[in-house]
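Listing of query-v2.cif, mmCIF, C-alpha atoms
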```cif
data_run
loop_
_atom_site.label_atom_id
_atom_site.label_comp_id
_atom_site.auth_asym_id
_atom_site.auth_seq_id
_atom_site.Cartn_x
_atom_site.Cartn_y
_atom_site.Cartn_z
CA MET H 1 13.87 19.46 -7.98
CA SER H 2 11.40 19.56 -10.81
CA SER H 3 8.38 21.78 -10.34
CA ILE H 4 6.60 20.12 -13.24
CA SER H 5 3.88 17.90 -11.86
CA ALA H 6 3.64 14.26 -12.91
CA LEU H 7 0.49 14.76 -14.99
CA GLU H 8 1.26 18.28 -16.21
CA ASN H 9 0.90 17.40 -19.90
CA ILE H 10 -1.46 14.47 -19.52
CA HIS H 11 -4.39 15.58 -17.41
CA GLN H 12 -7.17 17.09 -19.52
CA LYS H 13 -9.87 19.37 -18.27
CA GLY H 14 -13.48 19.15 -19.43
CA LYS H 15 -16.31 16.66 -19.56
CA PHE H 16 -15.76 13.15 -20.85
CA GLY H 17 -17.70 9.91 -21.21
CA ASP H 18 -21.39 9.51 -20.50
CA CYS H 19 -22.08 13.11 -19.43
CA GLU H 20 -25.04 14.10 -21.56
CA GLU H 21 -28.18 15.16 -19.73
CA LYS H 22 -26.57 14.41 -16.40
CA ASN H 23 -26.36 16.78 -13.46
CA GLU H 24 -22.74 17.83 -12.89
CA ASN H 25 -23.06 16.86 -9.25
CA ASN H 26 -23.63 13.25 -10.27
CA LEU H 27 -20.47 13.06 -12.36
CA ILE H 28 -17.12 11.84 -11.13
CA LYS H 29 -14.51 14.53 -10.67
CA ILE H 30 -10.90 13.73 -11.47
CA SER H 31 -8.07 16.07 -10.65
CA GLU H 32 -4.35 16.01 -10.14
CA ILE H 33 -3.16 16.98 -6.68
CA LYS H 34 0.06 18.95 -6.67
CA ASN H 35 2.42 20.37 -4.08
CA LEU H 36 1.82 17.87 -1.32
CA LEU H 37 4.77 17.19 0.91
CA ILE H 38 5.20 13.47 1.44
CA THR H 39 7.63 12.00 3.94
CA GLN H 40 8.15 8.30 4.48
CA ILE H 41 9.12 7.27 8.00
CA VAL H 42 10.44 3.77 8.61
CA GLN H 43 11.45 2.57 12.04
CA PHE H 44 14.45 0.23 12.11
CA LYS H 45 13.91 -3.25 13.53
CA SER H 46 16.66 -2.59 16.07
CA SER H 47 14.88 0.51 17.39
CA ASN H 48 13.05 0.36 20.72
CA VAL H 49 11.40 3.78 20.48
CA VAL H 50 7.65 3.71 21.16
CA CYS H 51 6.32 5.44 18.06
CA GLU H 52 2.80 5.93 19.40
CA GLU H 53 4.22 8.50 21.81
CA ILE H 54 5.77 10.67 19.09
CA LYS H 55 3.62 13.45 17.73
CA ILE H 56 3.79 15.19 14.39
CA ASP H 57 1.65 18.29 14.09
CA ASN H 58 -0.10 17.08 17.28
CA LEU H 59 -0.92 13.73 15.67
CA ASN H 60 0.25 10.39 17.05
CA LEU H 61 1.66 7.74 14.76
CA SER H 62 -0.90 4.96 14.69
CA SER H 63 0.08 1.29 14.53
CA LYS H 64 -3.45 0.32 13.52
CA PRO H 65 -3.46 -1.18 10.03
CA LEU H 66 -5.20 0.77 7.25
CA SER H 67 -5.74 3.78 9.50
CA VAL H 68 -5.16 7.46 8.84
CA VAL H 69 -4.77 10.03 11.59
CA ASN H 70 -5.34 13.53 10.36
CA ASN H 71 -6.00 17.16 11.01
CA GLU H 72 -6.53 20.10 8.72
CA ASN H 73 -2.97 20.19 7.35
CA THR H 74 -1.52 16.75 7.89
CA ARG H 75 -2.48 13.16 7.23
CA ILE H 76 -0.43 10.26 8.56
CA LEU H 77 -1.05 7.01 6.69
CA TRP H 78 -0.19 3.58 8.07
CA ASN H 79 1.96 2.14 5.31
CA GLY H 80 3.00 -1.15 6.90
CA PRO H 81 4.41 -2.28 10.25
CA ARG H 82 6.79 0.44 11.52
CA ASN H 83 6.18 2.38 8.32
CA TRP H 84 4.20 5.59 7.82
CA LEU H 85 3.60 8.23 5.19
CA VAL H 86 3.24 11.79 6.44
CA ILE H 87 1.37 13.94 3.96
CA LYS H 88 1.27 17.66 4.48
CA SER H 89 -0.82 19.99 2.41
CA LYS H 90 0.90 23.11 3.63
CA LYS H 91 4.24 24.41 2.46
CA GLU H 92 6.25 23.67 5.53
CA THR H 93 9.71 22.46 6.26
CA PHE H 94 10.42 19.03 7.63
CA THR H 95 12.12 20.48 10.70
CA GLU H 96 9.70 18.90 13.17
CA ILE H 97 10.13 15.44 11.67
CA ASP H 98 13.90 15.79 11.48
CA GLU H 99 14.04 16.78 15.14
CA LYS H 100 11.81 14.01 16.46
CA PHE H 101 12.96 11.08 14.34
CA LYS H 102 16.63 10.44 15.01
CA GLU H 103 18.63 8.71 12.31
CA ASP H 104 19.71 5.93 14.69
CA ASP H 105 16.12 4.73 14.93
CA PHE H 106 14.38 5.88 11.77
CA ALA H 107 14.86 6.27 8.05
CA VAL H 108 13.16 9.50 7.00
CA THR H 109 12.82 10.11 3.27
CA ASP H 110 11.25 12.98 1.38
CA ILE H 111 9.31 11.34 -1.47
CA SER H 112 7.23 14.39 -2.45
CA HIS H 113 8.52 14.38 -6.01
CA SER H 114 8.34 10.64 -6.58
CA LYS H 115 4.57 10.29 -6.58
CA SER H 116 1.77 11.21 -8.91
CA ILE H 117 -1.47 11.86 -7.10
CA ILE H 118 -4.95 11.63 -8.58
CA GLU H 119 -8.04 12.69 -6.69
CA LEU H 120 -11.25 10.90 -7.49
CA GLU H 121 -14.49 12.37 -6.21
CA GLY H 122 -18.09 11.30 -6.62
CA ASP H 123 -20.69 8.78 -5.54
CA GLN H 124 -19.44 6.33 -8.19
CA ALA H 125 -15.77 6.65 -7.22
CA LYS H 126 -15.74 3.31 -5.42
CA GLU H 127 -17.17 1.64 -8.52
CA VAL H 128 -14.28 3.05 -10.55
CA LEU H 129 -11.73 1.70 -8.07
CA LYS H 130 -13.43 -1.70 -7.97
CA LYS H 131 -12.81 -2.07 -11.71
CA GLY H 132 -9.05 -2.26 -11.34
CA CYS H 133 -8.33 -3.01 -7.69
CA PRO H 134 -9.03 -6.37 -6.02
CA PHE H 135 -9.73 -4.86 -2.58
CA ASN H 136 -13.25 -5.03 -1.13
CA PHE H 137 -14.19 -1.34 -1.16
CA ASN H 138 -17.54 -2.06 0.48
CA GLU H 139 -15.58 -2.20 3.72
CA PHE H 140 -13.50 0.89 3.15
CA TYR H 141 -14.43 4.04 5.01
CA LYS H 142 -13.41 7.64 5.56
CA ASN H 143 -9.87 7.95 6.94
CA ASN H 144 -8.90 4.47 5.82
CA CYS H 145 -5.92 3.87 3.56
CA LEU H 146 -4.55 0.86 1.78
CA ASN H 147 -1.73 -0.35 -0.41
CA SER H 148 -2.91 -2.40 -3.33
CA THR H 149 -2.79 -2.61 -7.11
CA PHE H 150 -4.82 -0.98 -9.87
CA ASN H 151 -4.56 -2.88 -13.13
CA GLY H 152 -1.23 -4.25 -11.92
CA MET H 153 0.22 -0.92 -10.76
CA SER H 154 1.06 -0.52 -7.09
CA ILE H 155 -1.04 2.22 -5.55
CA ILE H 156 -1.84 3.77 -2.19
CA VAL H 157 -5.46 4.80 -1.70
CA ASP H 158 -6.43 7.32 0.96
CA MET H 159 -10.13 7.97 1.54
CA ILE H 160 -10.34 11.57 2.62
CA ASN H 161 -14.10 12.07 2.58
CA ASP H 162 -17.34 10.13 2.34
CA ASN H 163 -19.80 12.86 1.38
CA PRO H 164 -19.25 12.50 -1.52
CA ASP H 165 -16.69 9.66 -1.60
CA THR H 166 -13.29 11.22 -2.23
CA PHE H 167 -10.09 9.28 -2.72
CA ARG H 168 -6.49 10.25 -3.25
CA ILE H 169 -4.62 7.67 -5.29
CA PHE H 170 -0.83 7.70 -5.09
CA ALA H 171 1.35 5.86 -7.56
CA LEU H 172 5.00 6.06 -8.48
CA ARG H 173 5.54 9.10 -10.67
CA SER H 174 6.65 6.95 -13.60
CA PHE H 175 3.33 5.06 -13.46
CA GLY H 176 1.30 8.29 -13.32
CA GLU H 177 0.36 8.39 -16.99
CA SER H 178 -0.69 4.73 -17.11
CA LEU H 179 -2.65 5.07 -13.91
CA TYR H 180 -4.34 8.25 -15.14
CA HIS H 181 -5.46 6.52 -18.35
CA SER H 182 -6.66 3.47 -16.39
CA ILE H 183 -8.68 5.62 -14.01
CA THR H 184 -10.17 7.83 -16.72
CA ASP H 185 -11.02 4.83 -18.93
CA SER H 186 -12.81 3.22 -15.99
CA SER H 187 -14.70 6.46 -15.34
CA LEU H 188 -16.03 6.95 -18.89
CA GLU H 189 -18.99 4.68 -18.18
CA PHE H 190 -20.19 7.02 -15.41
CA GLY H 191 -19.08 10.26 -17.05
CA TYR H 192 -16.40 12.41 -15.48
CA ILE H 193 -15.20 15.96 -15.23
CA GLY H 194 -11.47 16.59 -15.47
CA LYS H 195 -10.82 19.48 -13.09
CA MET F 1 -7.98 -16.60 -7.55
CA LEU F 2 -6.74 -17.16 -4.01
CA HIS F 3 -7.48 -14.87 -1.11
CA ILE F 4 -4.73 -14.73 1.48
CA LYS F 5 -5.19 -13.30 4.95
CA CYS F 6 -2.18 -11.08 5.61
CA PRO F 7 -1.47 -11.06 9.39
CA TYR F 8 -0.98 -7.29 9.14
CA CYS F 9 -3.52 -6.06 6.57
CA GLY F 10 -6.30 -8.66 6.57
CA MET F 11 -7.88 -10.57 3.70
CA ARG F 12 -6.34 -9.62 0.33
CA SER F 13 -6.26 -10.92 -3.21
CA GLN F 14 -3.43 -13.17 -4.35
CA ASN F 15 -2.58 -10.49 -6.96
CA GLU F 16 -0.99 -8.42 -4.22
CA PHE F 17 1.34 -11.24 -3.14
CA SER F 18 4.47 -12.77 -4.50
CA TYR F 19 5.31 -16.45 -3.88
CA GLY F 20 8.55 -16.99 -2.01
CA GLY F 21 9.02 -20.76 -1.90
CA ASP F 22 9.12 -23.45 0.75
CA ALA F 23 9.02 -22.01 4.29
CA SER F 24 10.26 -25.19 5.94
CA VAL F 25 13.76 -24.93 4.45
CA LYS F 26 16.23 -23.87 7.10
CA ARG F 27 19.50 -22.15 6.26
CA PRO F 28 22.55 -23.97 7.67
CA GLU F 29 23.93 -22.24 10.75
CA LEU F 30 26.48 -19.54 10.13
CA ASN F 31 30.15 -20.60 10.33
CA LYS F 32 29.16 -24.24 10.63
CA GLU F 33 31.16 -26.68 8.50
CA ILE F 34 28.80 -28.38 6.07
CA SER F 35 29.32 -30.66 3.13
CA ASP F 36 28.75 -29.64 -0.49
CA GLN F 37 25.85 -32.03 -0.58
CA GLU F 38 24.14 -30.35 2.39
CA TRP F 39 24.63 -26.93 0.79
CA ASP F 40 23.32 -28.28 -2.51
CA SER F 41 20.24 -29.57 -0.72
CA PHE F 42 19.65 -26.22 0.95
CA VAL F 43 19.98 -24.24 -2.28
CA TYR F 44 18.38 -26.49 -4.88
CA ASN F 45 16.64 -29.59 -3.63
CA ARG F 46 12.96 -29.22 -2.82
CA LYS F 47 10.23 -31.72 -2.12
CA SER F 48 7.18 -31.29 -4.29
CA LEU F 49 4.63 -32.23 -1.73
CA ARG F 50 1.01 -32.93 -2.48
CA GLY F 51 -1.15 -31.72 0.40
CA LYS F 52 -0.65 -29.37 3.30
CA HIS F 53 2.47 -27.31 2.90
CA LEU F 54 4.13 -24.31 4.56
CA GLU F 55 5.04 -21.56 2.11
CA LEU F 56 6.59 -18.11 2.16
CA TRP F 57 4.71 -15.27 0.50
CA GLN F 58 5.48 -11.57 0.38
CA HIS F 59 2.71 -8.98 0.49
CA LEU F 60 4.51 -7.07 -2.21
CA SER F 61 1.79 -4.61 -3.17
CA GLY F 62 0.59 -4.18 0.40
CA CYS F 63 2.61 -3.92 3.58
CA ARG F 64 5.65 -5.56 1.91
CA GLN F 65 6.05 -8.06 4.77
CA TRP F 66 7.03 -11.70 4.37
CA ILE F 67 4.49 -14.13 5.79
CA LYS F 68 4.09 -17.89 6.17
CA VAL F 69 1.06 -19.54 4.62
CA GLU F 70 -0.21 -23.05 5.33
CA ARG F 71 -1.73 -24.15 2.04
CA ASP F 72 -2.90 -27.39 0.51
CA THR F 73 -1.08 -27.71 -2.81
CA ALA F 74 -3.75 -30.01 -4.20
CA THR F 75 -6.92 -28.12 -3.26
CA HIS F 76 -5.38 -24.62 -2.78
CA GLU F 77 -7.20 -24.36 0.53
CA ILE F 78 -5.44 -21.98 2.90
CA PHE F 79 -5.59 -23.09 6.53
CA ASN F 80 -3.64 -20.42 8.31
CA THR F 81 -1.21 -17.55 7.90
CA HIS F 82 1.53 -16.39 10.25
CA LYS F 83 4.07 -13.62 10.57
CA ALA F 84 7.44 -14.67 9.21
CA ASP F 85 9.15 -14.64 12.60
CA GLU F 86 6.33 -16.53 14.31
CA GLU F 87 7.17 -20.02 15.58
CA ILE F 88 4.70 -22.61 14.34
CA SER F 89 4.14 -25.67 16.49
#
```
Show this structure as structure tokens.
Amino acid sequence: MSSISALENIHQKGKFGDCEEKNENNLIKISEIKNLLITQIVQFKSSNVVCEEIKIDNLNLSSKPLSVVNNENTRILWNGPRNWLVIKSKKETFTEIDEKFKEDDFAVTDISHSKSIIELEGDQAKEVLKKGCPFNFNEFYKNNCLNSTFNGMSIIVDMINDNPDTFRIFALRSFGESLYHSITDSSLEFGYIGK
Amino acid sequence: MLHIKCPYCGMRSQNEFSYGGDASVKRPELNKEISDQEWDSFVYNRKSLRGKHLELWQHLSGCRQWIKVERDTATHEIFNTHKADEEIS
């Protein structure tokens, strides 16, 4: 597996756009998130297992659309009916998932290396997302997630905080560079710090 | 731009969907003897209705589910959406 992150040679640190005479706290912060473990869990249509009763890291799988259940180390994103993304920030093995999700009922796939992840932080972050994504972000709150598009690229958005607004944007690794340029171009108007 | 209410995700932009054709076309039953003409009709022949119409759409950039949409082909008004396996009376 490659240990080179998706935006290793693309992400630039520093201040960009309309930054002059602005307090750093009012600028958007853009960073690449590395080393997350991402597992996709899909329940087969033929399976009768009640997923809400299965726990990962003491978290239940939620069947509520757009919802994220989370604790300090793990976030479980609803990714569609019978479909979840488990995102772990800690270097752990997938033993627990492998034990609880039998291959007769579930397809479990490690997609950690197939995503590029951009974190967008700041009070204007929603305005940046609104520029390229058709979703109504006025009704998007902390611990919500969604699948949508940003300038035509399929993305997953996970809102991890609301003070200030902080989003993780996941795209296919091969779209990482395009997405990064789309996000940074949209942020120039507000000024951003590449971290 | 159309806004389509996905039965799973809620109201979303048409950009996230992909059109999948006429939802009223039924595949001939498996192992049933049918004529070439019937097969031809199933594969190729479509009515181009003006007015209320049942269509298949896939929420490709969302939950990736197929859904049925009742849409007026003249005004683009969307009356209702259903899950793909839902029976519509």
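Using all atoms listed in the file, the nearest neighbour of chain H within the list F:Phe42, F:Tyr8, F:Trp57, F:Trp66 is F:Tyr8.
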(request) Report as a ChimeraX atom specification the set of chain F residues whose atoms approach chain H to within 9 Å, with distances computed over all atoms listed in the file. (result) /F:8-16,60-65
What does the file look like for those residues with C-alpha atoms, as a tab-separated table (two decimals), in the frame of the given file?
```tsv
chain	number	residue	atom	x	y	z
F	8	TYR	CA	-0.98	-7.29	9.14
F	9	CYS	CA	-3.52	-6.06	6.57
F	10	GLY	CA	-6.30	-8.66	6.57
F	11	MET	CA	-7.88	-10.57	3.70
F	12	ARG	CA	-6.34	-9.62	0.33
F	13	SER	CA	-6.26	-10.92	-3.21
F	14	GLN	CA	-3.43	-13.17	-4.35
F	15	ASN	CA	-2.58	-10.49	-6.96
F	16	GLU	CA	-0.99	-8.42	-4.22
F	60	LEU	CA	4.51	-7.07	-2.21
F	61	SER	CA	1.79	-4.61	-3.17
F	62	GLY	CA	0.59	-4.18	0.40
F	63	CYS	CA	2.61	-3.92	3.58
F	64	ARG	CA	5.65	-5.56	1.91
F	65	GLN	CA	6.05	-8.06	4.77
```
(request) For H:Gln12, list every protein, DNA or RNA residue within 10 Å, evaluated using all atoms listed in the file, and leave out those in the same chain fewer than 4 positions away; present the list as a count of residues only. (result) 9
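Contact shell of stretch 74-88 of chain F at 10 Å (all atoms listed in the file; same-chain neighbours under 2 positions omitted): Met1, Leu2, His3, Ile4, Lys5, Cys6, Pro7, Tyr8, Ala23, Leu49, Arg50, Gly51, Lys52, His53, Leu54, Glu55, Leu56, Trp57, Gln58, Gln65, Trp66, Ile67, Lys68, Val69, Glu70, Arg71 and Asp72 of chain F.
The environment of H:Asn73 within 9 Å, counting all atoms listed in the file and disregarding residues fewer than 6 places along the same chain, consists of H:Asp57, H:Ile87, H:Lys88, H:Ser89, H:Lys90.
The environment of H:Ala6 within 9 Å, counting all atoms listed in the file and disregarding residues fewer than 6 places along the same chain, consists of Glu32, Lys34, His113, Ser114, Lys115, Ser116, Ile117, Arg173, Ser174, Gly176 and Glu177 of chain H.
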(request) Do a neighbour search on H:Glu20 at 12 Å with only C-alpha atoms, toss out local chain neighbours closer than 6 positions, and write the hits as an MDAnalysis selection string. (result) chainID H and resid 26:27 188:193
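For the pair atom CA of H:Tyr180 and atom CA of H:Thr109, the separation is 25.2 Å.
Computed from the coordinates, the atom CA of H:Gln40 to atom CA of H:Lys102 distance equals 13.7 Å.
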(request) Go ahead and compute the interatomic distance for atom CA of H:Gln124 and atom CA of H:Pro164, in Å to one decimal. (result) 9.1 Å
For this file, the PyMOL selection byres ((chain H and resi 129) around 12) selects which residues, as a PDB file with C-alpha atoms, in the coordinates of the input?
```
ATOM      1  CA  ILE H  28     -17.120  11.840 -11.130  1.00  0.00           C
ATOM      2  CA  GLU H 119      -8.040  12.690  -6.690  1.00  0.00           C
ATOM      3  CA  LEU H 120     -11.250  10.900  -7.490  1.00  0.00           C
ATOM      4  CA  GLU H 121     -14.490  12.370  -6.210  1.00  0.00           C
ATOM      5  CA  GLY H 122     -18.090  11.300  -6.620  1.00  0.00           C
ATOM      6  CA  ASP H 123     -20.690   8.780  -5.540  1.00  0.00           C
ATOM      7  CA  GLN H 124     -19.440   6.330  -8.190  1.00  0.00           C
ATOM      8  CA  ALA H 125     -15.770   6.650  -7.220  1.00  0.00           C
ATOM      9  CA  LYS H 126     -15.740   3.310  -5.420  1.00  0.00           C
ATOM     10  CA  GLU H 127     -17.170   1.640  -8.520  1.00  0.00           C
ATOM     11  CA  VAL H 128     -14.280   3.050 -10.550  1.00  0.00           C
ATOM     12  CA  LYS H 130     -13.430  -1.700  -7.970  1.00  0.00           C
ATOM     13  CA  LYS H 131     -12.810  -2.070 -11.710  1.00  0.00           C
ATOM     14  CA  GLY H 132      -9.050  -2.260 -11.340  1.00  0.00           C
ATOM     15  CA  CYS H 133      -8.330  -3.010  -7.690  1.00  0.00           C
ATOM     16  CA  PRO H 134      -9.030  -6.370  -6.020  1.00  0.00           C
ATOM     17  CA  PHE H 135      -9.730  -4.860  -2.580  1.00  0.00           C
ATOM     18  CA  ASN H 136     -13.250  -5.030  -1.130  1.00  0.00           C
ATOM     19  CA  PHE H 137     -14.190  -1.340  -1.160  1.00  0.00           C
ATOM     20  CA  ASN H 138     -17.540  -2.060   0.480  1.00  0.00           C
ATOM     21  CA  PHE H 140     -13.500   0.890   3.150  1.00  0.00           C
ATOM     22  CA  SER H 148      -2.910  -2.400  -3.330  1.00  0.00           C
ATOM     23  CA  THR H 149      -2.790  -2.610  -7.110  1.00  0.00           C
ATOM     24  CA  PHE H 150      -4.820  -0.980  -9.870  1.00  0.00           C
ATOM     25  CA  ASN H 151      -4.560  -2.880 -13.130  1.00  0.00           C
ATOM     26  CA  ILE H 155      -1.040   2.220  -5.550  1.00  0.00           C
ATOM     27  CA  ILE H 156      -1.840   3.770  -2.190  1.00  0.00           C
ATOM     28  CA  VAL H 157      -5.460   4.800  -1.700  1.00  0.00           C
ATOM     29  CA  ASP H 158      -6.430   7.320   0.960  1.00  0.00           C
ATOM     30  CA  MET H 159     -10.130   7.970   1.540  1.00  0.00           C
ATOM     31  CA  ASP H 165     -16.690   9.660  -1.600  1.00  0.00           C
ATOM     32  CA  THR H 166     -13.290  11.220  -2.230  1.00  0.00           C
ATOM     33  CA  PHE H 167     -10.090   9.280  -2.720  1.00  0.00           C
ATOM     34  CA  ARG H 168      -6.490  10.250  -3.250  1.00  0.00           C
ATOM     35  CA  ILE H 169      -4.620   7.670  -5.290  1.00  0.00           C
ATOM     36  CA  LEU H 179      -2.650   5.070 -13.910  1.00  0.00           C
ATOM     37  CA  SER H 182      -6.660   3.470 -16.390  1.00  0.00           C
ATOM     38  CA  ILE H 183      -8.680   5.620 -14.010  1.00  0.00           C
ATOM     39  CA  THR H 184     -10.170   7.830 -16.720  1.00  0.00           C
ATOM     40  CA  ASP H 185     -11.020   4.830 -18.930  1.00  0.00           C
ATOM     41  CA  SER H 186     -12.810   3.220 -15.990  1.00  0.00           C
ATOM     42  CA  SER H 187     -14.700   6.460 -15.340  1.00  0.00           C
TER      43      SER H 187
END
```
Box along x, y and z, 5 Å on every side, all listed atoms of stretch 11-26 of chain H inside: centre and edge lengths in Å to one decimal, as JSON.
```
{"center_x": -16.3, "center_y": 14.4, "center_z": -15.4, "size_x": 33.8, "size_y": 19.9, "size_z": 22.3}
```
(request) Given the file shown, determine the residues that the PyMOL selection byres ((chain H and resi 104) around 10) selects; report them as a ChimeraX atom specification. (result) /H:43-44,46-47,101-103,105-107
